[in-house]
Amino acid sequence: MIEASRVAAIVLAAGASRRFGDADKLSTSYRGRPLVTWAARAATALPFRVVIGVVREEGTVAALLRESGVKVSFNAAAERGMGSSIAAGVTAAAAFDPDACLILLGDMPSIATSHLGALLAAFEGEDDAVVSMSRGRRSPPSLFGRRHFEALLALDGDEGARALAM
(Lines give C-alpha, C1' and ligand atoms only; values in the text may rest on other atoms or scores of the structure.)
Protein backbone atom coordinates (compact mmCIF):
# COMPACT_ATOMS: atom_id res chain seq x y z
CA MET A 1 0.00 0.00 0.00
CA ILE A 2 1.08 3.55 -0.68
CA GLU A 3 -0.25 6.65 1.01
CA ALA A 4 -1.95 9.14 -1.32
CA SER A 5 0.34 11.86 0.04
CA ARG A 6 3.26 10.13 -1.71
CA VAL A 7 1.49 10.04 -5.10
CA ALA A 8 0.99 12.59 -7.88
CA ALA A 9 -2.33 12.15 -9.67
CA ILE A 10 -2.32 13.15 -13.34
CA VAL A 11 -5.60 13.85 -15.15
CA LEU A 12 -5.11 13.67 -18.91
CA ALA A 13 -7.28 16.32 -20.56
CA ALA A 14 -5.34 17.38 -23.69
CA GLY A 15 -7.07 15.20 -26.28
CA ALA A 16 -8.60 16.69 -29.41
CA SER A 17 -11.93 14.85 -28.99
CA ARG A 18 -12.06 14.24 -32.76
CA ARG A 19 -14.76 11.59 -32.41
CA PHE A 20 -16.96 14.09 -30.56
CA GLY A 21 -17.30 16.50 -33.49
CA ASP A 22 -16.90 20.24 -33.09
CA ALA A 23 -17.92 20.33 -29.42
CA ASP A 24 -15.38 20.30 -26.59
CA LYS A 25 -16.17 16.93 -25.04
CA LEU A 26 -14.52 17.62 -21.68
CA SER A 27 -16.51 20.79 -21.03
CA THR A 28 -19.81 19.28 -22.19
CA SER A 29 -22.34 18.71 -19.44
CA TYR A 30 -22.76 15.16 -18.18
CA ARG A 31 -25.25 14.54 -15.37
CA GLY A 32 -25.34 18.24 -14.60
CA ARG A 33 -21.57 18.93 -14.52
CA PRO A 34 -18.83 19.36 -17.11
CA LEU A 35 -17.42 15.95 -18.01
CA VAL A 36 -13.82 16.68 -16.92
CA THR A 37 -14.92 17.66 -13.40
CA TRP A 38 -15.95 14.09 -12.57
CA ALA A 39 -12.39 12.73 -12.81
CA ALA A 40 -10.97 15.88 -11.24
CA ARG A 41 -13.25 15.62 -8.22
CA ALA A 42 -12.52 11.91 -7.77
CA ALA A 43 -8.79 12.70 -7.69
CA THR A 44 -9.03 15.76 -5.44
CA ALA A 45 -11.13 13.84 -2.92
CA LEU A 46 -7.98 11.97 -1.86
CA PRO A 47 -5.00 13.71 -0.21
CA PHE A 48 -2.61 13.25 -3.16
CA ARG A 49 0.69 15.13 -3.02
CA VAL A 50 -0.55 17.00 -6.09
CA VAL A 51 -3.25 16.61 -8.72
CA ILE A 52 -2.13 17.82 -12.14
CA GLY A 53 -4.36 18.26 -15.16
CA VAL A 54 -2.62 18.13 -18.52
CA VAL A 55 -4.33 20.31 -21.14
CA ARG A 56 -3.43 21.42 -24.64
CA GLU A 57 -4.09 25.13 -24.12
CA GLU A 58 -5.52 27.76 -21.84
CA GLY A 59 -9.30 27.66 -22.07
CA THR A 60 -12.47 26.24 -20.61
CA VAL A 61 -11.03 22.85 -19.63
CA ALA A 62 -8.06 24.45 -17.88
CA ALA A 63 -10.42 26.77 -15.99
CA LEU A 64 -12.70 23.86 -14.99
CA LEU A 65 -9.73 21.90 -13.67
CA ARG A 66 -8.45 24.87 -11.65
CA GLU A 67 -11.94 25.39 -10.20
CA SER A 68 -11.84 21.74 -9.12
CA GLY A 69 -8.56 22.27 -7.23
CA VAL A 70 -6.26 20.83 -9.90
CA LYS A 71 -2.92 22.35 -10.93
CA VAL A 72 -2.82 22.82 -14.70
CA SER A 73 0.12 21.88 -16.91
CA PHE A 74 0.27 22.42 -20.66
CA ASN A 75 1.29 19.91 -23.30
CA ALA A 76 2.54 21.94 -26.26
CA ALA A 77 2.84 18.69 -28.25
CA ALA A 78 -0.68 17.41 -27.50
CA GLU A 79 -1.34 16.74 -31.19
CA ARG A 80 1.26 13.94 -30.96
CA GLY A 81 -1.06 11.94 -28.71
CA MET A 82 -1.58 10.51 -25.27
CA GLY A 83 2.03 9.45 -24.78
CA SER A 84 3.19 13.05 -24.97
CA SER A 85 0.53 14.07 -22.43
CA ILE A 86 1.62 11.36 -20.01
CA ALA A 87 5.23 12.54 -20.37
CA ALA A 88 4.16 16.16 -19.80
CA GLY A 89 2.22 15.15 -16.68
CA VAL A 90 5.10 13.15 -15.22
CA THR A 91 7.47 16.06 -15.97
CA ALA A 92 5.16 18.43 -14.06
CA ALA A 93 4.76 15.92 -11.22
CA ALA A 94 8.53 15.53 -10.81
CA ALA A 95 8.69 18.97 -9.16
CA PHE A 96 6.70 17.47 -6.26
CA ASP A 97 9.01 14.43 -5.85
CA PRO A 98 6.32 11.73 -5.76
CA ASP A 99 7.05 8.04 -5.18
CA ALA A 100 4.38 7.09 -7.72
CA CYS A 101 2.14 8.64 -10.38
CA LEU A 102 -1.52 7.79 -10.84
CA ILE A 103 -2.69 8.40 -14.39
CA LEU A 104 -6.38 8.83 -15.17
CA LEU A 105 -8.34 10.17 -18.09
CA GLY A 106 -10.36 13.37 -17.97
CA ASP A 107 -13.29 11.67 -19.69
CA MET A 108 -13.95 9.08 -16.98
CA PRO A 109 -17.14 10.31 -15.29
CA SER A 110 -17.81 7.00 -13.57
CA ILE A 111 -14.46 6.71 -11.85
CA ALA A 112 -14.97 6.49 -8.12
CA THR A 113 -12.63 7.70 -5.44
CA SER A 114 -12.89 4.21 -3.95
CA HIS A 115 -11.44 2.80 -7.19
CA LEU A 116 -8.44 5.13 -6.87
CA GLY A 117 -8.09 4.07 -3.24
CA ALA A 118 -8.09 0.40 -4.28
CA LEU A 119 -5.18 1.07 -6.66
CA LEU A 120 -3.26 2.69 -3.80
CA ALA A 121 -4.03 -0.27 -1.54
CA ALA A 122 -2.74 -2.75 -4.14
CA PHE A 123 0.55 -0.89 -4.67
CA GLU A 124 3.61 -2.77 -3.37
CA GLY A 125 6.59 -0.51 -4.07
CA GLU A 126 8.55 1.62 -6.51
CA ASP A 127 8.90 -1.24 -9.00
CA ASP A 128 5.15 -1.78 -9.08
CA ALA A 129 2.57 -0.87 -11.70
CA VAL A 130 -1.05 -1.34 -10.68
CA VAL A 131 -3.48 -1.34 -13.56
CA SER A 132 -7.27 -1.32 -13.68
CA MET A 133 -9.04 -4.00 -15.67
CA SER A 134 -12.21 -3.55 -17.69
CA ARG A 135 -13.77 -6.49 -19.54
CA GLY A 136 -10.52 -8.43 -19.32
CA ARG A 137 -8.37 -5.60 -20.72
CA ARG A 138 -5.92 -3.27 -19.01
CA SER A 139 -7.29 0.25 -18.83
CA PRO A 140 -6.85 3.54 -16.98
CA PRO A 141 -6.52 4.55 -14.29
CA SER A 142 -3.11 3.08 -13.54
CA LEU A 143 -0.55 3.65 -10.82
CA PHE A 144 3.17 3.58 -11.62
CA GLY A 145 6.02 3.46 -9.13
CA ARG A 146 9.12 5.61 -9.41
CA ARG A 147 11.05 2.95 -11.36
CA HIS A 148 8.67 3.53 -14.29
CA PHE A 149 9.09 7.32 -14.47
CA GLU A 150 11.88 7.23 -17.05
CA ALA A 151 9.78 5.05 -19.37
CA LEU A 152 6.73 7.27 -18.83
CA LEU A 153 8.81 10.33 -19.74
CA ALA A 154 9.88 8.62 -22.97
CA LEU A 155 6.31 7.99 -24.16
CA ASP A 156 5.23 9.73 -27.34
CA GLY A 157 2.55 9.32 -29.95
CA ASP A 158 -0.93 7.98 -29.41
CA GLU A 159 0.16 4.98 -27.34
CA GLY A 160 -0.48 5.29 -23.64
CA ALA A 161 1.32 3.45 -20.85
CA ARG A 162 -0.37 0.06 -21.37
CA ALA A 163 2.88 -1.64 -22.47
CA LEU A 164 4.62 -0.55 -19.25
CA ALA A 165 2.03 -2.23 -17.06
CA MET A 166 2.78 -5.79 -18.06
# chains A, B, ... in the order shown; residues from 1 in each chain; ligands from 1

call {"tool": "residues_around", "arguments": {"residues": "stretch 78-88 of chain A", "least_positions_apart": "2", "cutoff": "9 Å", "atoms": "only C-alpha atoms", "output": "JSON, numbers by chain"}}
result
{"A": [10, 12, 13, 14, 15, 16, 54, 55, 56, 73, 74, 75, 76, 90, 91, 92, 93, 103, 149, 151, 152, 153, 154, 155, 156, 157, 158, 159, 160, 161]}

call {"tool": "residues_around", "arguments": {"residues": "A:Phe123", "least_positions_apart": "3", "cutoff": "8 Å", "atoms": "only C-alpha atoms", "output": "ChimeraX atom specification"}}
result
/A:1-2,119-120,128-130,143

call {"tool": "closest_residue", "arguments": {"among": "A:Thr28, A:Thr37, A:Thr44, A:Ser142", "to": "A:Ala100", "atoms": "only C-alpha atoms"}}
result
A:Ser142

call {"tool": "residues_around", "arguments": {"residues": "A:Val61", "least_positions_apart": "4", "cutoff": "7 Å", "atoms": "only C-alpha atoms", "output": "MDAnalysis selection string"}}
result
chainID A and resid 26:27 65

call {"tool": "write_last_selection", "arguments": {"atoms": "all heavy atoms", "output": "PDB file, in the first residue's frame"}}
result
ATOM      1  N   LEU A  26     -14.805  17.547 -23.104  1.00  0.00           N
ATOM      2  CA  LEU A  26     -14.519  17.621 -21.677  1.00  0.00           C
ATOM      3  C   LEU A  26     -15.277  18.729 -20.952  1.00  0.00           C
ATOM      4  O   LEU A  26     -15.470  18.654 -19.742  1.00  0.00           O
ATOM      5  CB  LEU A  26     -13.019  17.766 -21.443  1.00  0.00           C
ATOM      6  CG  LEU A  26     -12.196  16.543 -21.858  1.00  0.00           C
ATOM      7  CD1 LEU A  26     -10.710  16.814 -21.662  1.00  0.00           C
ATOM      8  CD2 LEU A  26     -12.618  15.307 -21.091  1.00  0.00           C
ATOM      9  N   SER A  27     -15.719  19.734 -21.679  1.00  0.00           N
ATOM     10  CA  SER A  27     -16.507  20.792 -21.030  1.00  0.00           C
ATOM     11  C   SER A  27     -18.013  20.603 -21.232  1.00  0.00           C
ATOM     12  O   SER A  27     -18.808  21.353 -20.674  1.00  0.00           O
ATOM     13  CB  SER A  27     -16.077  22.174 -21.537  1.00  0.00           C
ATOM     14  OG  SER A  27     -16.312  22.296 -22.919  1.00  0.00           O
ATOM     15  N   LEU A  65     -10.650  22.661 -14.523  1.00  0.00           N
ATOM     16  CA  LEU A  65      -9.727  21.905 -13.672  1.00  0.00           C
ATOM     17  C   LEU A  65      -9.259  22.746 -12.489  1.00  0.00           C
ATOM     18  O   LEU A  65      -9.251  22.272 -11.348  1.00  0.00           O
ATOM     19  CB  LEU A  65      -8.536  21.409 -14.491  1.00  0.00           C
ATOM     20  CG  LEU A  65      -8.848  20.263 -15.458  1.00  0.00           C
ATOM     21  CD1 LEU A  65      -7.695  20.036 -16.421  1.00  0.00           C
ATOM     22  CD2 LEU A  65      -9.179  18.985 -14.701  1.00  0.00           C
TER      23      LEU A  65
END

call {"tool": "atom_distance", "arguments": {"atom1": "atom CA of A:Ala118", "atom2": "atom CA of A:His148"}}
result
19.8 Å

call {"tool": "select_by_dssp", "arguments": {"residues": "chain A", "states": "strand (DSSP E or B)", "output": "number ranges by chain"}}
result
A: 7-13, 29-30, 33-34, 50-55, 71-74, 100-105, 129-134, 137-145
